[in-house]
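J.: Contents of my_file_32.cif (mmCIF, C-alpha atoms) are below:
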```
data_entry
loop_
_atom_site.label_atom_id
_atom_site.label_comp_id
_atom_site.auth_asym_id
_atom_site.auth_seq_id
_atom_site.Cartn_x
_atom_site.Cartn_y
_atom_site.Cartn_z
CA MET Z 1 37.02 6.01 8.87
CA ASP Z 2 38.98 8.31 11.15
CA GLY Z 3 38.61 11.86 12.39
CA VAL Z 4 34.80 11.97 12.21
CA GLU Z 5 33.00 15.26 12.86
CA VAL Z 6 29.40 15.04 14.08
CA GLY Z 7 27.35 18.14 14.79
CA GLY Z 8 30.37 20.24 15.65
CA LEU Z 9 32.08 17.55 17.75
CA ALA Z 10 35.36 16.08 16.51
CA THR Z 11 35.72 12.38 17.35
CA ALA Z 12 38.42 9.78 16.77
CA ASN Z 13 36.22 7.43 14.73
CA PRO Z 14 32.51 6.62 14.20
CA VAL Z 15 32.29 3.83 16.79
CA TRP Z 16 30.87 5.37 19.96
CA VAL Z 17 29.95 3.80 23.27
CA GLY Z 18 26.38 4.61 24.26
CA SER Z 19 25.12 5.51 27.70
CA SER Z 20 24.72 2.49 30.00
CA GLU Z 21 25.79 1.00 33.31
CA LEU Z 22 29.18 0.39 31.69
CA THR Z 23 29.70 4.17 31.48
CA MET Z 24 28.48 4.89 35.00
CA THR Z 25 31.95 4.99 36.59
CA LEU Z 26 35.29 6.56 35.80
CA GLU Z 27 36.80 3.09 35.48
CA GLY Z 28 34.19 2.00 32.94
CA ILE Z 29 34.52 5.14 30.86
CA THR Z 30 38.32 5.07 30.79
CA ALA Z 31 38.27 1.38 29.82
CA CYS Z 32 36.14 2.28 26.79
CA VAL Z 33 38.37 5.22 25.92
CA ASP Z 34 41.50 3.08 26.16
CA ALA Z 35 39.93 0.35 24.03
CA GLY Z 36 39.65 2.76 21.10
CA ALA Z 37 36.16 4.29 21.22
CA GLY Z 38 35.55 7.29 19.00
CA ALA Z 39 33.48 8.89 21.76
CA VAL Z 40 31.87 7.74 25.00
CA VAL Z 41 28.47 8.81 26.32
CA ALA Z 42 28.31 8.73 30.11
CA LYS Z 43 25.36 7.20 31.94
CA SER Z 44 22.32 9.46 31.97
CA VAL Z 45 21.23 11.61 34.88
CA ASN Z 46 18.21 13.77 35.59
CA GLU Z 47 16.67 15.71 38.46
CA SER Z 48 14.60 12.85 39.87
CA ALA Z 49 15.52 10.98 43.03
CA ALA Z 50 13.08 8.29 41.90
CA ALA Z 51 15.10 7.77 38.70
CA ARG Z 52 18.25 7.24 40.76
CA GLU Z 53 16.45 4.90 43.16
CA GLN Z 54 15.16 2.90 40.21
CA LEU Z 55 18.71 1.69 39.60
CA ALA Z 56 18.30 -0.49 42.72
CA ILE Z 57 15.62 -2.56 40.94
CA ALA Z 58 17.49 -2.81 37.64
CA ASP Z 59 17.53 -6.30 36.16
CA TYR Z 60 18.78 -7.85 32.93
CA ALA Z 61 17.96 -10.94 30.89
CA PHE Z 62 19.81 -12.06 27.77
CA VAL Z 63 17.39 -14.13 25.71
CA SER Z 64 18.33 -16.55 22.93
CA ALA Z 65 16.54 -16.65 19.59
CA GLY Z 66 14.61 -19.64 20.93
CA GLY Z 67 13.44 -17.78 24.03
CA GLU Z 68 15.96 -19.28 26.47
CA VAL Z 69 17.00 -16.93 29.27
CA ARG Z 70 20.76 -17.14 29.77
CA PRO Z 71 22.36 -17.34 33.21
CA PRO Z 72 23.69 -13.92 34.32
CA GLY Z 73 26.92 -12.96 32.60
CA THR Z 74 26.61 -15.50 29.77
CA GLY Z 75 24.95 -13.47 27.00
CA ARG Z 76 25.87 -14.27 23.41
CA PRO Z 77 26.17 -11.95 20.39
CA GLY Z 78 22.91 -13.13 18.80
CA ASP Z 79 20.83 -12.73 21.96
CA GLY Z 80 18.23 -10.11 22.71
CA LEU Z 81 18.40 -8.07 25.91
CA LEU Z 82 15.34 -7.39 28.05
CA ASN Z 83 15.98 -5.16 31.03
CA ARG Z 84 14.91 -2.63 33.59
CA SER Z 85 17.28 0.21 34.41
CA GLY Z 86 17.64 3.47 36.27
CA LEU Z 87 19.81 6.56 36.14
CA ALA Z 88 23.18 7.20 37.75
CA ALA Z 89 22.72 7.15 41.53
CA VAL Z 90 25.00 10.09 42.36
CA ASP Z 91 24.75 13.73 43.35
CA LEU Z 92 25.28 16.14 40.46
CA ASP Z 93 28.40 17.77 41.95
CA ASP Z 94 30.08 14.39 42.38
CA TRP Z 95 29.00 13.40 38.87
CA LEU Z 96 30.51 16.55 37.39
CA ALA Z 97 33.80 15.88 39.17
CA MET Z 98 33.91 12.34 37.79
CA LEU Z 99 33.06 13.57 34.29
CA ALA Z 100 35.82 16.17 34.44
CA SER Z 101 38.36 13.43 35.09
CA ALA Z 102 36.90 11.29 32.32
CA VAL Z 103 36.94 14.18 29.85
CA SER Z 104 40.60 14.86 30.62
CA HIS Z 105 41.48 11.21 30.12
CA GLY Z 106 39.62 11.07 26.81
CA ALA Z 107 40.98 14.35 25.47
CA VAL Z 108 44.55 13.05 25.52
CA ARG Z 109 43.42 10.17 23.31
CA GLY Z 110 41.17 12.15 20.99
CA CYS Z 111 38.04 10.57 22.48
CA PRO Z 112 35.42 13.05 23.74
CA VAL Z 113 33.30 12.03 26.72
CA LEU Z 114 29.72 13.29 26.53
CA GLY Z 115 27.24 14.01 29.28
CA SER Z 116 23.74 12.57 29.00
CA ILE Z 117 20.33 13.58 30.34
CA THR Z 118 17.26 11.36 30.22
CA LEU Z 119 14.33 13.71 30.15
CA GLY Z 120 12.13 14.19 33.18
CA ASP Z 121 11.15 17.85 33.48
CA PRO Z 122 12.44 20.04 30.60
CA ALA Z 123 13.30 23.00 32.84
CA ALA Z 124 15.27 20.76 35.16
CA ALA Z 125 16.98 19.15 32.15
CA ALA Z 126 18.04 22.62 31.05
CA ARG Z 127 19.61 23.33 34.44
CA ILE Z 128 21.46 20.02 34.39
CA GLY Z 129 22.49 20.60 30.78
CA ARG Z 130 24.02 23.94 31.68
CA ALA Z 131 26.01 22.28 34.47
CA LEU Z 132 27.16 19.44 32.21
CA ALA Z 133 28.21 21.89 29.51
CA SER Z 134 30.69 23.45 31.92
CA VAL Z 135 32.55 20.13 31.95
CA VAL Z 136 31.84 18.07 28.81
CA PRO Z 137 32.30 18.98 25.12
CA ALA Z 138 28.77 17.88 24.14
CA VAL Z 139 25.48 16.82 25.74
CA GLU Z 140 23.07 14.08 24.71
CA LEU Z 141 19.40 14.62 25.57
CA ASN Z 142 17.57 11.30 25.59
CA ILE Z 143 13.85 11.75 24.96
CA GLY Z 144 13.46 8.24 23.55
CA ALA Z 145 13.99 6.10 26.66
CA PRO Z 146 11.67 3.06 26.47
CA HIS Z 147 11.48 3.04 30.27
CA GLY Z 148 9.56 6.31 29.93
CA ARG Z 149 6.43 4.25 29.26
CA GLU Z 150 6.76 2.48 32.62
CA ALA Z 151 8.79 4.69 34.97
CA ARG Z 152 7.33 7.97 36.16
CA ALA Z 153 10.80 9.44 36.70
CA VAL Z 154 11.63 9.67 32.97
CA ARG Z 155 9.68 10.61 29.86
CA GLN Z 156 9.50 9.38 26.30
CA LEU Z 157 8.27 12.00 23.83
CA THR Z 158 6.54 10.81 20.66
CA GLU Z 159 4.81 13.98 19.43
CA VAL Z 160 6.36 16.79 17.39
CA ASP Z 161 5.29 19.65 19.65
CA GLY Z 162 6.59 17.97 22.80
CA VAL Z 163 9.95 17.22 21.17
CA ALA Z 164 10.30 20.78 19.90
CA ASP Z 165 9.44 22.34 23.26
CA ALA Z 166 11.82 20.12 25.24
CA VAL Z 167 14.73 20.56 22.85
CA ARG Z 168 14.21 24.31 22.64
CA THR Z 169 14.24 24.59 26.43
CA VAL Z 170 17.47 22.62 26.84
CA ARG Z 171 19.12 24.24 23.80
CA ALA Z 172 18.71 27.68 25.37
CA ALA Z 173 20.78 26.55 28.36
CA VAL Z 174 23.49 24.50 26.63
CA ASP Z 175 26.33 26.22 24.77
CA VAL Z 176 28.04 23.04 23.51
CA PRO Z 177 26.81 20.66 20.78
CA LEU Z 178 23.45 19.15 21.73
CA PHE Z 179 22.53 15.70 20.44
CA VAL Z 180 18.94 14.47 20.79
CA LYS Z 181 18.13 10.75 21.00
CA LEU Z 182 14.67 9.84 19.73
CA PRO Z 183 12.34 6.85 20.18
CA GLY Z 184 11.72 4.24 17.51
CA GLN Z 185 8.07 3.89 18.47
CA ALA Z 186 6.28 6.91 17.03
CA SER Z 187 3.98 7.53 14.10
CA ASP Z 188 6.67 9.52 12.26
CA VAL Z 189 10.20 9.45 13.67
CA VAL Z 190 11.47 11.60 10.79
CA ALA Z 191 9.03 14.34 11.83
CA LEU Z 192 10.38 14.12 15.38
CA ALA Z 193 13.93 14.41 14.04
CA GLY Z 194 12.93 17.45 12.00
CA ALA Z 195 11.36 19.05 15.06
CA ALA Z 196 14.47 18.40 17.13
CA ARG Z 197 16.68 19.89 14.43
CA SER Z 198 14.50 22.98 14.05
CA ALA Z 199 14.55 23.48 17.82
CA GLY Z 200 18.34 23.50 17.88
CA ALA Z 201 19.69 19.94 17.94
CA ASP Z 202 23.14 19.71 16.36
CA ALA Z 203 22.67 16.00 15.65
CA VAL Z 204 19.97 13.38 16.16
CA GLY Z 205 20.32 9.83 17.49
CA LEU Z 206 18.08 7.15 15.93
CA VAL Z 207 16.59 5.17 17.54
CA GLY Z 208 15.99 4.27 21.18
CA ARG Z 209 15.13 0.72 22.22
CA TYR Z 210 11.61 -0.67 22.21
CA PRO Z 211 9.28 -1.57 25.08
CA GLY Z 212 9.30 -5.31 25.66
CA PHE Z 213 7.59 -8.11 27.55
CA LEU Z 214 8.32 -11.84 27.65
CA PRO Z 215 6.20 -14.52 29.39
CA ASP Z 216 8.35 -17.29 30.84
CA LEU Z 217 5.61 -19.93 30.21
CA GLU Z 218 5.71 -21.00 33.85
CA GLY Z 219 3.01 -18.70 35.08
CA GLY Z 220 5.10 -15.56 35.22
CA SER Z 221 7.21 -13.25 33.10
CA VAL Z 222 10.90 -12.73 32.53
CA LEU Z 223 12.10 -10.02 34.97
CA GLY Z 224 8.61 -10.06 36.53
CA SER Z 225 7.82 -6.80 34.76
CA TRP Z 226 7.65 -4.94 31.51
CA GLY Z 227 11.03 -3.79 30.21
CA ALA Z 228 13.10 -2.45 27.34
CA TRP Z 229 14.14 -4.67 24.42
CA SER Z 230 17.01 -4.68 21.97
CA SER Z 231 18.42 -7.38 19.72
CA PRO Z 232 20.19 -7.87 16.38
CA GLY Z 233 16.69 -8.18 14.94
CA CYS Z 234 16.09 -4.51 15.76
CA LEU Z 235 18.80 -3.46 13.29
CA PRO Z 236 16.61 -3.20 10.14
CA MET Z 237 14.02 -1.26 12.12
CA SER Z 238 16.62 1.24 13.27
CA LEU Z 239 18.12 1.49 9.78
CA TYR Z 240 14.68 2.26 8.34
CA TRP Z 241 14.44 5.50 10.30
CA VAL Z 242 18.10 6.42 9.80
CA GLY Z 243 17.72 6.01 6.04
CA LYS Z 244 14.45 7.95 5.88
CA ALA Z 245 15.88 10.79 7.97
CA PHE Z 246 19.04 10.93 5.86
CA GLN Z 247 16.96 11.26 2.70
CA ARG Z 248 14.59 13.91 4.01
CA LEU Z 249 16.53 16.05 6.50
CA ASP Z 250 19.75 18.03 6.70
CA VAL Z 251 20.95 16.84 10.11
CA PRO Z 252 23.90 14.68 11.21
CA LEU Z 253 22.67 11.28 12.38
CA ILE Z 254 23.94 8.97 15.11
CA GLY Z 255 22.77 5.37 14.74
CA THR Z 256 21.85 3.21 17.70
CA ASN Z 257 19.93 0.04 18.63
CA GLY Z 258 20.99 -3.13 16.87
CA ALA Z 259 24.73 -2.81 16.13
CA ARG Z 260 26.71 -5.75 17.51
CA THR Z 261 29.34 -6.33 14.79
CA ALA Z 262 31.54 -4.32 12.45
CA ALA Z 263 29.19 -5.24 9.60
CA ASP Z 264 26.28 -3.78 11.59
CA VAL Z 265 28.21 -0.55 12.12
CA ARG Z 266 28.91 -0.33 8.38
CA ARG Z 267 25.23 -0.85 7.64
CA PHE Z 268 24.35 2.08 9.87
CA LEU Z 269 26.89 4.21 8.01
CA ALA Z 270 25.57 3.06 4.62
CA ALA Z 271 22.07 4.06 5.75
CA GLY Z 272 23.24 7.58 6.59
CA ALA Z 273 24.62 7.64 10.13
CA ARG Z 274 27.89 9.47 10.72
CA ALA Z 275 28.51 7.66 14.00
CA VAL Z 276 27.10 4.58 15.72
CA GLU Z 277 26.55 3.99 19.44
CA VAL Z 278 27.11 0.44 20.71
CA VAL Z 279 26.30 -0.91 24.15
CA THR Z 280 25.17 -4.54 24.25
CA ALA Z 281 28.17 -5.82 22.29
CA LEU Z 282 30.38 -4.50 25.10
CA TRP Z 283 28.21 -6.08 27.79
CA ILE Z 284 28.81 -9.42 26.08
CA GLY Z 285 32.45 -9.11 25.03
CA GLY Z 286 33.82 -6.25 27.12
CA PRO Z 287 35.43 -3.01 25.91
CA ALA Z 288 37.98 -5.02 23.92
CA VAL Z 289 35.20 -5.57 21.34
CA LEU Z 290 35.68 -1.94 20.31
CA ARG Z 291 38.97 -2.69 18.57
CA GLU Z 292 37.28 -5.17 16.23
CA LEU Z 293 34.51 -2.67 15.48
CA VAL Z 294 36.91 0.21 14.86
CA ASP Z 295 39.13 -1.92 12.65
CA GLY Z 296 36.05 -2.99 10.71
CA VAL Z 297 35.38 0.58 9.56
CA SER Z 298 38.98 1.72 9.16
CA GLY Z 299 38.80 1.79 5.36
CA VAL Z 300 35.41 3.47 5.14
CA THR Z 301 35.32 6.98 3.63
CA ASP Z 302 32.82 9.81 3.93
CA ASP Z 303 31.39 8.81 0.55
CA PHE Z 304 30.16 5.58 2.11
CA VAL Z 305 27.78 7.44 4.44
CA GLY Z 306 24.31 7.10 2.92
CA SER Z 307 25.61 5.02 0.02
CA ALA Z 308 22.78 2.48 0.33
CA LEU Z 309 20.10 5.05 -0.46
CA PRO Z 310 20.52 6.48 -4.02
CA ASP Z 311 19.17 3.32 -5.69
CA THR Z 312 16.48 2.72 -3.08
CA ARG Z 313 13.05 3.14 -4.68
CA GLU Z 314 9.57 3.74 -3.37
CA TYR Z 315 7.15 0.88 -3.98
CA ALA Z 316 5.31 2.81 -6.69
CA ASP Z 317 8.55 3.20 -8.68
CA ILE Z 318 9.45 -0.50 -8.82
CA PRO Z 319 8.58 -2.22 -12.13
CA PRO Z 320 6.86 -5.62 -12.13
CA LEU Z 321 9.24 -8.52 -11.59
CA PRO Z 322 9.61 -11.11 -14.41
CA SER Z 323 8.45 -13.87 -12.10
CA PRO Z 324 6.39 -13.59 -8.91
CA ALA Z 325 8.80 -13.38 -5.97
CA TRP Z 326 6.35 -15.17 -3.72
CA LEU Z 327 6.21 -18.23 -5.96
CA PRO Z 328 9.13 -20.19 -4.40
CA TYR Z 329 7.47 -19.87 -1.01
CA THR Z 330 4.10 -21.23 -2.11
CA ALA Z 331 4.63 -23.43 -5.19
CA ARG Z 332 5.36 -26.69 -3.40
CA TRP Z 333 2.33 -26.33 -1.17
CA ARG Z 334 -0.03 -25.60 -4.03
CA SER Z 335 1.30 -28.41 -6.23
CA SER Z 336 1.01 -30.97 -3.42
CA GLY Z 337 -2.67 -30.25 -3.03
CA ARG Z 338 -2.32 -29.03 0.56
#
```
As structure tokens, please, write out the structure in this file.

T.:
Amino acid sequence: MDGVEVGGLATANPVWVGSSELTMTLEGITACVDAGAGAVVAKSVNESAAAREQLAIADYAFVSAGGEVRPPGTGRPGDGLLNRSGLAAVDLDDWLAMLASAVSHGAVRGCPVLGSITLGDPAAAARIGRALASVVPAVELNIGAPHGREARAVRQLTEVDGVADAVRTVRAAVDVPLFVKLPGQASDVVALAGAARSAGADAVGLVGRYPGFLPDLEGGSVLGSWGAWSSPGCLPMSLYWVGKAFQRLDVPLIGTNGARTAADVRRFLAAGARAVEVVTALWIGGPAVLRELVDGVSGVTDDFVGSALPDTREYADIPPLPSPAWLPYTARWRSSGR
């Protein structure tokens, strides 16, 4: 699947690198570009000094399916990631200069580099968005950061009115495509996506990571704090909202949270995403992982986007099954008299 257009932005392919510490430097961004990314989202910024200072307490724990915390730098593809993080610790003028170099490097290779804002104050986000738009071809506004539940320097919006107001404010200041990243923890994520679209979003990213907490069973907790959680197990949860939004709304979708393999990327596309942001797979395997992911979707066509949904039925429309599906899970226990 080559030459993907999302919300007015032309990209090389649907495998994008999401905002993270990996995209916090020119070297990190160019490594992702050179490895074949369709687009790269730079690390988020906002107006808050506290958000920048929070990067100094960032911590990361890869956790196995059995709850084992891996030594630093030894995460495996099936692990979950629990972490604290902060925003890019750099002055805006210096950040814009770095982004300009990254954009030039990506443009030669057909890979746009996007600016990113994690919401603090909407008016300040609008000012930063205007500055970013003078350098980058598109801006991502992240209003779904899980750290927004713990860190005062960023916000997570989960109500329709708040989403609409924030997006409308930033949209008025940004004259390039605006992509809005939404949380997965809300009563109706599709309603949030609809509000973002109505307020001017050119595309919507679904969904942000989830708040997380993990006792270490030795009288403390992993990281010693609350954090943000992602894992391969989050994939069906993310796909739920992508599929529902694809069915109900007319808005380009960017999938995120749960894609580690080429098969995961294809599942996002089948659920309705036009592009997929990956992060953790690169933390584990480095930017070289991108080539495997891009190759894995090379034969996919536009018709594949949303292809999983036409035969998907609501519960009320499913006829009774010829044999109870729960029977294999309970028959041996009932027959043994337990």

J.: Running the PyMOL selection byres ((chain Z and resi 82-96) around 8) on this model by hand, what would come out? Give it as a PyMOL selection string.

T.: chain Z and resi 24+43-46+51-63+80-81+97-100+131-132+135+147+212-213+223+226-230

J.: For a quick check of understanding, using only C-alpha atoms, which of Z:Pro310, Z:Gly28, Z:Gly106, Z:Pro232 has the smallest distance to Thr280 in chain Z?

T.: Z:Pro232

J.: Closest to Asp79 in chain Z among Z:Phe179, Z:Val276, Z:Ser231, Z:Arg291, using all atoms listed in the file?

T.: Z:Ser231

J.: Find, counting only C-alpha atoms, the residue in Z:Val6, Z:Ala35, Z:Leu214, Z:Ala273 that gets nearest to Gly67 in chain Z.

T.: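 Closest to Gly67 in chain Z of all the choices is Z:Leu214.
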
J.: Could you name the residues that touch Arg274 in chain Z at 7 Å or less, counting only C-alpha atoms, but leaving out those on the same chain fewer than 4 positions away, as a list in words?

T.: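 What passes the distance filter is Val6, Pro14, Pro252, Leu253, Ile254, Leu269 and Val305 of chain Z.
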
J.: Which polymer residues have any atom within 10 Å of an atom of Gln185 in chain Z, counting all atoms listed in the file, with same-chain residues fewer than 3 positions away left out, as a PyMOL selection string?

T.: chain Z and resi 144+146+156-158+182+188-189+207-211

J.: Between Z:Pro122, Z:Gly66, Z:Gly306, Z:Pro215, which one has atoms that come closest to Gly243 in chain Z, using only C-alpha atoms?

T.: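 Looking at the shortest contact to Gly243 in chain Z, the residue is Z:Gly306.
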
J.: Mind giving me the straight-line distance from CA of Ala270 in chain Z to CA of Ser307 in chain Z in Å, one decimal?

T.: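 Distance between the two atoms: 5.0 Å.
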
J.: What does the distance between CA of Phe304 in chain Z and CA of Arg267 in chain Z come to in Å, to one decimal place?

T.: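 Between CA of Phe304 in chain Z and CA of Arg267 in chain Z the gap is 9.8 Å.
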
J.: Residues within 10 Å of range 259-265 of chain Z, please, as a ChimeraX atom specification. Count only C-alpha atoms; anything in the same chain fewer than 2 positions from it doesn't count.

T.: /Z:14-15,77-78,230-236,238-239,255-257,267-271,273,275-282,284,289-297

J.: If the PyMOL selection byres ((chain Z and resi 40) around 12) were run on this exact file, what residues would it hold? Put them as a VMD selection string.

T.: chain Z and resid 11 to 20 22 to 26 28 to 39 41 to 44 99 102 to 103 105 to 107 109 to 116 136 to 140 275 to 279 287 290

J.: Calculated over only C-alpha atoms, which of the candidates Z:Arg70, Z:Arg130, Z:Lys244, Z:Arg149 has the smallest distance to Pro177 in chain Z?

T.: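 Of the candidates, the smallest distance to Pro177 in chain Z is held by Z:Arg130.
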
J.: Restricting the calculation to all atoms listed in the file, which member of Z:Ala196, Z:Leu206, Z:Ala186, Z:Leu178 is positioned closest to Ile117 in chain Z?

T.: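 Ranked by minimum distance to Ile117 in chain Z, first place goes to Z:Leu178.
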
J.: Could you write out as a list in words the residues that the PyMOL selection byres ((chain Z and resi 250) around 12) matches in the shown file?

T.: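 Matching residues under the PyMOL selection byres ((chain Z and resi 250) around 12) are Gly7, Val190, Ala193, Gly194, Ala195, Ala196, Arg197, Ser198, Ala201, Asp202, Ala203, Val204, Lys244, Ala245, Phe246, Gln247, Arg248, Leu249, Val251, Pro252, Leu253, Gly272 and Ala273 of chain Z.
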
J.: Taking C-alpha atoms for each residue, export the selection above as a PDB file, keeping the file's coordinate frame.

T.:
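Wrote it out as part_30.pdb, contents follow:
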```
ATOM      1  CA  GLY Z   7      27.350  18.140  14.790  1.00  0.00           C
ATOM      2  CA  VAL Z 190      11.470  11.600  10.790  1.00  0.00           C
ATOM      3  CA  ALA Z 193      13.930  14.410  14.040  1.00  0.00           C
ATOM      4  CA  GLY Z 194      12.930  17.450  12.000  1.00  0.00           C
ATOM      5  CA  ALA Z 195      11.360  19.050  15.060  1.00  0.00           C
ATOM      6  CA  ALA Z 196      14.470  18.400  17.130  1.00  0.00           C
ATOM      7  CA  ARG Z 197      16.680  19.890  14.430  1.00  0.00           C
ATOM      8  CA  SER Z 198      14.500  22.980  14.050  1.00  0.00           C
ATOM      9  CA  ALA Z 201      19.690  19.940  17.940  1.00  0.00           C
ATOM     10  CA  ASP Z 202      23.140  19.710  16.360  1.00  0.00           C
ATOM     11  CA  ALA Z 203      22.670  16.000  15.650  1.00  0.00           C
ATOM     12  CA  VAL Z 204      19.970  13.380  16.160  1.00  0.00           C
ATOM     13  CA  LYS Z 244      14.450   7.950   5.880  1.00  0.00           C
ATOM     14  CA  ALA Z 245      15.880  10.790   7.970  1.00  0.00           C
ATOM     15  CA  PHE Z 246      19.040  10.930   5.860  1.00  0.00           C
ATOM     16  CA  GLN Z 247      16.960  11.260   2.700  1.00  0.00           C
ATOM     17  CA  ARG Z 248      14.590  13.910   4.010  1.00  0.00           C
ATOM     18  CA  LEU Z 249      16.530  16.050   6.500  1.00  0.00           C
ATOM     19  CA  VAL Z 251      20.950  16.840  10.110  1.00  0.00           C
ATOM     20  CA  PRO Z 252      23.900  14.680  11.210  1.00  0.00           C
ATOM     21  CA  LEU Z 253      22.670  11.280  12.380  1.00  0.00           C
ATOM     22  CA  GLY Z 272      23.240   7.580   6.590  1.00  0.00           C
ATOM     23  CA  ALA Z 273      24.620   7.640  10.130  1.00  0.00           C
TER      24      ALA Z 273
END
```

J.: CA of Leu119 in chain Z and CA of Asp165 in chain Z, how far apart in Å?

T.: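 Taking CA of Asp165 in chain Z and CA of Leu119 in chain Z, their separation equals 12.1 Å.
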
J.: With all atoms listed in the file counted, which protein, DNA or RNA residues have an atom no more than 6 Å from (16.1, 20.7, 26.9) in the file frame? Please answer as a VMD selection string.

T.: chain Z and resid 122 125 to 126 166 to 171
